[in-house]
$ cat entry_17.txt   # compact mmCIF, C-alpha atoms and all ligand atoms
# COMPACT_ATOMS: atom_id res chain seq x y z
CA MET A 1 38.32 -38.43 55.58
CA ASN A 2 41.04 -40.30 53.61
CA SER A 3 40.85 -43.68 55.23
CA THR A 4 43.46 -45.25 52.94
CA PRO A 5 46.90 -43.73 52.28
CA LEU A 6 47.44 -42.03 48.91
CA LEU A 7 49.75 -44.11 46.72
CA ALA A 8 51.89 -42.91 43.82
CA SER A 9 50.77 -46.00 41.91
CA GLY A 10 47.09 -45.04 42.28
CA PRO A 11 45.07 -43.53 39.44
CA ILE A 12 44.13 -39.87 39.03
CA GLY A 13 40.34 -39.50 39.20
CA VAL A 14 38.75 -37.16 36.66
CA PHE A 15 35.04 -36.38 36.42
CA ASP A 16 32.53 -34.23 34.61
CA SER A 17 28.77 -34.15 34.16
CA GLY A 18 29.47 -36.24 31.09
CA LEU A 19 31.82 -36.07 28.15
CA GLY A 20 33.22 -32.55 28.59
CA GLY A 21 35.96 -33.66 30.95
CA LEU A 22 37.49 -35.57 28.05
CA SER A 23 38.92 -32.25 26.85
CA VAL A 24 40.73 -31.95 30.19
CA LEU A 25 41.74 -35.61 30.23
CA ARG A 26 43.37 -35.14 26.83
CA ALA A 27 45.65 -32.45 28.30
CA LEU A 28 46.32 -34.53 31.44
CA LYS A 29 47.35 -37.55 29.41
CA ALA A 30 49.63 -35.44 27.23
CA ARG A 31 51.40 -33.98 30.27
CA LEU A 32 51.41 -37.08 32.49
CA PRO A 33 51.73 -40.00 30.06
CA ALA A 34 52.87 -42.57 32.65
CA GLU A 35 49.91 -42.07 34.98
CA ASN A 36 46.76 -44.16 35.28
CA PHE A 37 43.42 -42.37 35.05
CA LEU A 38 39.91 -43.18 36.19
CA TYR A 39 37.40 -41.14 34.21
CA PHE A 40 33.82 -40.83 35.49
CA ALA A 41 31.19 -39.42 33.13
CA ASP A 42 28.08 -38.57 35.14
CA SER A 43 26.05 -38.71 31.94
CA GLY A 44 23.08 -40.23 33.77
CA HIS A 45 22.69 -36.82 35.43
CA ALA A 46 23.91 -34.46 32.69
CA PRO A 47 23.72 -31.65 31.98
CA TYR A 48 24.64 -29.96 35.26
CA GLY A 49 24.67 -26.45 33.84
CA GLU A 50 20.98 -25.66 34.10
CA ARG A 51 20.38 -27.45 37.43
CA ALA A 52 20.17 -26.13 40.98
CA ASP A 53 23.42 -25.79 42.92
CA HIS A 54 22.40 -28.30 45.57
CA PHE A 55 21.84 -30.95 42.89
CA VAL A 56 25.30 -30.39 41.38
CA LEU A 57 26.89 -30.34 44.83
CA ALA A 58 25.28 -33.67 45.76
CA ARG A 59 26.38 -35.26 42.47
CA ALA A 60 29.95 -33.96 42.82
CA ILE A 61 30.21 -35.42 46.33
CA SER A 62 28.75 -38.74 45.33
CA VAL A 63 30.98 -39.12 42.25
CA SER A 64 34.07 -38.04 44.22
CA GLU A 65 33.28 -40.61 46.92
CA ALA A 66 33.16 -43.31 44.26
CA LEU A 67 36.52 -42.22 42.83
CA VAL A 68 38.22 -41.93 46.23
CA ALA A 69 36.87 -45.39 47.17
CA GLN A 70 38.68 -46.75 44.10
CA GLY A 71 42.03 -45.52 45.41
CA CYS A 72 42.46 -42.29 43.44
CA LYS A 73 45.54 -40.35 44.56
CA ALA A 74 44.17 -37.05 43.19
CA LEU A 75 40.90 -35.68 41.89
CA VAL A 76 40.38 -33.39 38.91
CA VAL A 77 36.94 -31.78 38.81
CA ALA A 78 36.92 -31.39 35.03
CA CYS A 79 33.74 -29.35 35.01
CA ASN A 80 33.37 -25.59 35.55
CA THR A 81 29.82 -25.94 36.86
CA ALA A 82 30.75 -28.61 39.43
CA THR A 83 33.87 -26.69 40.46
CA ALA A 84 31.80 -23.56 41.13
CA ALA A 85 29.19 -25.48 43.12
CA ALA A 86 31.32 -27.99 45.00
CA ILE A 87 35.09 -27.44 45.10
CA ARG A 88 34.99 -25.85 48.56
CA ALA A 89 32.96 -28.73 50.00
CA LEU A 90 35.25 -31.29 48.36
CA ARG A 91 38.35 -29.64 49.81
CA GLN A 92 36.78 -29.69 53.27
CA ARG A 93 35.87 -33.34 52.96
CA TRP A 94 39.28 -34.49 51.67
CA PRO A 95 41.82 -31.98 52.99
CA MET A 96 44.84 -34.17 52.18
CA LEU A 97 43.76 -35.15 48.68
CA PRO A 98 45.31 -33.21 45.78
CA LEU A 99 42.24 -31.57 44.23
CA VAL A 100 42.15 -29.50 41.06
CA GLY A 101 39.13 -27.64 39.73
CA VAL A 102 38.56 -25.67 36.54
CA GLU A 103 37.44 -22.10 36.03
CA PRO A 104 36.99 -20.05 32.85
CA ALA A 105 40.36 -18.75 31.54
CA LEU A 106 39.54 -15.08 32.07
CA LYS A 107 42.95 -14.07 33.39
CA PRO A 108 44.86 -15.46 30.39
CA ALA A 109 42.27 -13.82 28.10
CA VAL A 110 42.97 -10.43 29.66
CA GLY A 111 46.67 -10.86 28.94
CA LEU A 112 46.07 -11.86 25.32
CA SER A 113 43.26 -9.62 24.07
CA GLN A 114 44.46 -6.73 21.93
CA THR A 115 41.04 -5.13 21.51
CA ARG A 116 40.25 -5.33 25.27
CA HIS A 117 36.93 -6.96 24.36
CA ILE A 118 36.51 -10.58 25.40
CA ALA A 119 33.57 -13.00 25.61
CA VAL A 120 32.91 -15.96 27.88
CA LEU A 121 30.75 -18.89 26.83
CA ALA A 122 29.67 -21.10 29.75
CA THR A 123 26.72 -22.71 31.47
CA ARG A 124 24.23 -20.71 33.48
CA GLY A 125 25.38 -22.52 36.65
CA THR A 126 28.95 -21.33 36.17
CA LEU A 127 28.05 -17.77 35.19
CA GLN A 128 25.64 -17.27 38.09
CA SER A 129 28.06 -18.65 40.67
CA GLU A 130 29.70 -16.56 43.35
CA LYS A 131 33.06 -17.97 42.22
CA PHE A 132 32.60 -16.54 38.72
CA GLN A 133 31.37 -13.18 40.03
CA THR A 134 34.50 -12.95 42.17
CA LEU A 135 36.69 -13.75 39.17
CA VAL A 136 35.01 -11.04 37.07
CA ALA A 137 35.34 -8.48 39.88
CA GLN A 138 39.14 -8.90 39.74
CA LEU A 139 39.39 -7.98 36.03
CA PRO A 140 40.84 -4.64 34.94
CA GLN A 141 38.35 -1.81 34.51
CA ASP A 142 39.34 -1.07 30.90
CA LEU A 143 38.13 -4.47 29.77
CA THR A 144 34.73 -5.13 28.18
CA ILE A 145 33.44 -8.61 28.85
CA LYS A 146 30.42 -10.22 27.19
CA ILE A 147 29.02 -13.02 29.35
CA GLN A 148 27.05 -15.52 27.31
CA PRO A 149 25.16 -18.49 28.80
CA CYS A 150 24.88 -21.34 26.28
CA ASP A 151 21.74 -23.28 27.21
CA GLY A 152 21.49 -26.62 25.42
CA LEU A 153 24.99 -26.63 23.94
CA ALA A 154 26.59 -29.13 26.37
CA ASP A 155 23.53 -31.33 25.96
CA ALA A 156 23.84 -31.26 22.15
CA ILE A 157 27.52 -32.23 22.47
CA GLU A 158 26.59 -35.07 24.89
CA ASN A 159 24.21 -36.40 22.26
CA PHE A 160 26.46 -35.88 19.19
CA GLU A 161 23.79 -33.68 17.56
CA ALA A 162 25.94 -32.15 14.82
CA THR A 163 23.32 -29.85 13.29
CA LYS A 164 22.19 -28.52 16.65
CA ILE A 165 25.81 -28.00 17.72
CA ARG A 166 26.48 -25.88 14.61
CA GLU A 167 23.24 -23.88 15.03
CA LEU A 168 23.73 -23.20 18.73
CA GLY A 169 27.45 -22.49 18.24
CA ALA A 170 26.69 -19.87 15.55
CA HIS A 171 23.85 -18.39 17.61
CA TYR A 172 25.90 -17.95 20.77
CA LEU A 173 28.96 -16.65 18.94
CA SER A 174 26.91 -14.02 17.14
CA ALA A 175 25.36 -13.01 20.47
CA CYS A 176 28.87 -12.13 21.67
CA GLY A 177 28.76 -9.02 19.48
CA PRO A 178 31.05 -8.17 16.59
CA LEU A 179 33.99 -10.57 16.50
CA GLY A 180 37.26 -9.44 14.98
CA HIS A 181 40.42 -7.49 15.56
CA GLY A 182 39.19 -3.94 15.06
CA PRO A 183 38.31 -1.44 17.78
CA GLY A 184 35.31 -2.56 19.84
CA GLU A 185 35.45 -6.11 18.46
CA VAL A 186 35.79 -9.29 20.51
CA ASP A 187 39.10 -10.95 19.61
CA THR A 188 39.21 -13.57 22.41
CA VAL A 189 36.52 -16.04 23.42
CA VAL A 190 36.86 -18.03 26.65
CA LEU A 191 35.41 -21.54 26.48
CA GLY A 192 34.15 -21.71 30.07
CA CYS A 193 32.62 -25.17 29.87
CA THR A 194 34.77 -28.24 29.34
CA HIS A 195 32.38 -29.58 26.70
CA TYR A 196 33.12 -26.68 24.34
CA PRO A 197 36.79 -27.42 23.48
CA LEU A 198 35.50 -30.70 22.05
CA ILE A 199 33.86 -28.66 19.27
CA LEU A 200 36.69 -26.19 18.79
CA ASP A 201 36.77 -27.01 15.07
CA VAL A 202 33.14 -25.82 14.74
CA PHE A 203 33.87 -22.55 16.54
CA GLU A 204 37.02 -21.96 14.49
CA GLN A 205 35.11 -22.46 11.25
CA GLN A 206 32.41 -20.08 12.38
CA ALA A 207 34.80 -17.40 13.63
CA PRO A 208 38.10 -17.71 11.76
CA GLY A 209 41.01 -15.80 13.25
CA ILE A 210 39.39 -15.45 16.69
CA ARG A 211 41.31 -16.81 19.68
CA PHE A 212 39.49 -19.49 21.73
CA LEU A 213 40.86 -20.31 25.18
CA ASP A 214 40.36 -23.28 27.45
CA THR A 215 42.04 -24.44 30.64
CA GLY A 216 43.03 -28.05 29.88
CA GLU A 217 46.78 -27.42 29.87
CA ALA A 218 46.74 -25.20 32.96
CA VAL A 219 44.79 -27.87 34.85
CA ALA A 220 47.28 -30.53 33.77
CA ARG A 221 50.21 -28.36 34.97
CA GLN A 222 48.51 -27.74 38.32
CA THR A 223 47.78 -31.46 38.76
CA GLU A 224 51.43 -32.27 38.10
CA ARG A 225 52.54 -29.59 40.56
CA LEU A 226 50.30 -30.84 43.38
CA LEU A 227 51.27 -34.47 42.84
CA ASN A 228 54.92 -33.51 42.80
CA GLN A 229 54.55 -31.53 46.05
CA GLN A 230 53.15 -34.59 47.81
CA GLN A 231 55.60 -36.96 46.10
CA LEU A 232 52.75 -38.74 44.42
CA LEU A 233 53.91 -38.58 40.81
CA TRP A 234 54.61 -42.03 39.41
CA ASN A 235 58.39 -42.42 39.47
CA GLY A 236 58.84 -46.16 39.73
CA PRO A 237 60.96 -48.24 37.37
CA PRO A 238 59.59 -48.36 33.80
CA ALA A 239 58.70 -52.06 34.01
CA GLN A 240 56.21 -51.28 36.78
CA ALA A 241 55.00 -47.98 35.40
CA PRO A 242 51.24 -47.67 35.19
CA ASN A 243 51.63 -46.96 31.45
CA GLY A 244 48.94 -44.41 31.08
CA HIS A 245 45.95 -46.70 31.28
CA THR A 246 42.47 -45.16 31.54
CA THR A 247 39.51 -46.87 33.15
CA TRP A 248 36.15 -45.57 31.97
CA LEU A 249 33.08 -45.27 34.20
CA SER A 250 29.68 -43.80 33.36
CA SER A 251 26.44 -43.33 35.27
CA GLY A 252 24.67 -43.22 31.90
CA ASP A 253 25.04 -45.21 28.69
CA PRO A 254 28.57 -46.73 28.59
CA GLY A 255 28.22 -46.97 24.79
CA GLN A 256 27.93 -43.18 24.59
CA LEU A 257 31.20 -42.79 26.52
CA SER A 258 33.05 -45.31 24.32
CA ARG A 259 31.76 -43.57 21.19
CA ALA A 260 33.01 -40.25 22.54
CA VAL A 261 36.40 -41.69 23.48
CA ALA A 262 36.80 -43.09 19.96
CA HIS A 263 35.41 -39.93 18.33
CA TRP A 264 37.80 -37.58 20.14
CA GLY A 265 40.75 -39.95 19.88
CA LEU A 266 41.44 -40.66 23.55
N1 LIG A 301 31.21 -29.57 31.24
C1 LIG A 301 30.56 -28.85 32.25
C2 LIG A 301 31.24 -27.52 32.58
O1 LIG A 301 32.43 -27.36 32.37
C3 LIG A 301 29.09 -28.64 32.25
C4 LIG A 301 28.21 -29.10 31.19
C5 LIG A 301 26.83 -29.38 31.73
O2 LIG A 301 26.68 -30.45 32.28
O3 LIG A 301 25.97 -28.50 31.64
O4 LIG A 301 30.62 -26.64 33.12

$ encode --input "entry_17.txt" --output "C-alpha cells"
Amino acid sequence: MNSTPLLASGPIGVFDSGLGGLSVLRALKARLPAENFLYFADSGHAPYGERADHFVLARAISVSEALVAQGCKALVVACNTATAAAIRALRQRWPMLPLVGVEPALKPAVGLSQTRHIAVLATRGTLQSEKFQTLVAQLPQDLTIKIQPCDGLADAIENFEATKIRELGAHYLSACGPLGHGPGEVDTVVLGCTHYPLILDVFEQQAPGIRFLDTGEAVARQTERLLNQQQLLWNGPPAQAPNGHTTWLSSGDPGQLSRAVAHWGL
C-alpha cells in the first residue's frame, strides 16, 4: 500500500491520542537528533483509553493514512492503547513501512524488581487487550503484578488539570498496594500509558524511592534499528541534514499542543 518510495530525507511520523506521545518523541529526538519528525496529536478524539477497540482502530488507521500521505518514512505509534488495538492492522496495511509500537515495560520491570512485586498503571483499553494478556502470561510465576486501570488520568494530563492530576496520581498509586523495598512491597511501577511519563515528577514526589519505568528509550532504539536495516537513517551531508525539525499537527485545539510542547520543553 506504499504508493510512494520511502526516502531517507522523509520525516518520522509519531502519533498518540493526544499529548502522551510527546514523552516518546522526547526520547526519539534525543536518539535521532538529525531526523525530521511529524507529530500528530489526535486530541480531537482523546482519550482513547476508555473507548471501544473499533473506534481506536479506525482512528489509528485514519491518522496513519494522513502521516503516510505526508511522506513519512517510518511510523511510531506512541500510544499503548492504539498499539494494542491497531498495530497488527497497520502492519498488514503497510508491510514495507518501518512501524514501531509501544507496550508496557513489563519485561524490564521483571529484571529490575528486587521485591518481585510490580504494578502497572495504564488505560483500560490497554489492560483489557489480548496483547497485554499475552504479555502478562509470559511473566515468571514468582512475580506478583498489580494491574491498575487509571480512568481519567490521561484526560486530566491532556487538560493540564494540576490538582486532578495530583489527586488521581495519589489515588492510583495507593491502590497499587504498599509501595517500598520491603518484602511484599511494590518497588517498581510500570507507566503503561505514554501520558504518564509527562507527570513523572508528580509520581516521584508521591512515591519517593520507587522505580518508575517507561518505554521511550526502547522505542527510540527500535526505531533507529529499523531505519538502519532499511537504510533509511538520514546520512546525507550536514548542509542538507534535516536538522531535527518537528512539524506539529492536531485534530483538536492546536493551542493546546503548542502549550504542551512549550510546557514539556520539546
Ligand atoms: N497515551 C495513550 C496510551 O499510551 C492513551 C491515553 C488515552 O488516550 O486514553 O495508552

$ atom_distance --input "entry_17.txt" --atom1 "CA of Ala41 in chain A" --atom2 "CA of Arg221 in chain A"
22.1 Å

$ closest_residue --input "entry_17.txt" --among "A:His245, A:Arg211, A:Arg166, A:Lys73" --to "Gly152 in chain A" --atoms "all atoms listed in the file"
A:Arg166

$ closest_residue --input "entry_17.txt" --among "A:Ala82, A:Ala66, A:Leu232, A:Leu200" --to "Leu127 in chain A" --atoms "all atoms listed in the file"
A:Ala82

$ axis_aligned_box --input "entry_17.txt" --around "ligand LIG 301 (chain A)" --padding-each-side "6 Å" --output "lines of an AutoDock Vina configuration file"
center_x = 29.2
center_y = -28.5
center_z = 32.2
size_x = 18.5
size_y = 15.8
size_z = 13.9

$ residues_near_ligand --input "entry_17.txt" --ligand "ligand LIG 301 (chain A)" --cutoff "7 Å" --atoms "all atoms listed in the file" --output "PyMOL selection string"
chain A and resi 16-18+20-21+46-50+78-82+122-123+126+154-155+192-195

$ atom_distance --input "entry_17.txt" --atom1 "CA of Ala170 in chain A" --atom2 "CA of Glu185 in chain A"
16.6 Å

$ closest_residue --input "entry_17.txt" --among "A:Ile147, A:Leu227, A:Leu198, A:Val63" --to "Ala175 in chain A" --atoms "all atoms listed in the file"
A:Ile147

$ residues_near_point --input "entry_17.txt" --point "(46.2, -35.9, 44.9)" --cutoff "7 Å" --atoms "only C-alpha atoms" --output "list of chain:residue names"
A:Lys73, A:Ala74, A:Leu75, A:Leu97, A:Pro98, A:Leu99, A:Leu226, A:Leu227

$ atom_distance --input "entry_17.txt" --atom1 "CA of Ile210 in chain A" --atom2 "CA of Ala262 in chain A"
28.0 Å

$ closest_residue --input "entry_17.txt" --among "A:Leu143, A:Ala85, A:Ile165, A:Leu57" --to "Gly184 in chain A" --atoms "all atoms listed in the file"
A:Leu143

$ closest_residue --input "entry_17.txt" --among "A:Val202, A:Ile87, A:Ala109, A:Ala260" --to "Phe160 in chain A" --atoms "all atoms listed in the file"
A:Ala260

$ closest_residue --input "entry_17.txt" --among "A:Asp142, A:Pro197, A:Ile157, A:Ala69" --to "Leu121 in chain A" --atoms "only C-alpha atoms"
A:Pro197

$ residues_around --input "entry_17.txt" --residues "Ser174 in chain A" --least-positions-apart "4" --cutoff "12 Å" --atoms "all atoms listed in the file" --output "compact mmCIF listing (two decimals) with C-alpha atoms, in the coordinates of the input"
# COMPACT_ATOMS: atom_id res chain seq x y z
CA ALA A 119 33.57 -13.00 25.61
CA LEU A 121 30.75 -18.89 26.83
CA LYS A 146 30.42 -10.22 27.19
CA GLN A 148 27.05 -15.52 27.31
CA CYS A 150 24.88 -21.34 26.28
CA GLU A 167 23.24 -23.88 15.03
CA LEU A 168 23.73 -23.20 18.73
CA GLY A 169 27.45 -22.49 18.24
CA ALA A 170 26.69 -19.87 15.55
CA PRO A 178 31.05 -8.17 16.59
CA LEU A 179 33.99 -10.57 16.50
CA GLY A 180 37.26 -9.44 14.98
CA GLU A 185 35.45 -6.11 18.46
CA VAL A 186 35.79 -9.29 20.51
CA VAL A 189 36.52 -16.04 23.42
CA PHE A 203 33.87 -22.55 16.54
CA GLN A 206 32.41 -20.08 12.38
CA ALA A 207 34.80 -17.40 13.63

$ residues_around --input "entry_17.txt" --residues "Leu112 in chain A" --least-positions-apart "5" --cutoff "10 Å" --atoms "only C-alpha atoms" --output "list in words"
Leu106, Lys107, Ile118, Asp187, Thr188, Arg211 and Leu213 of chain A
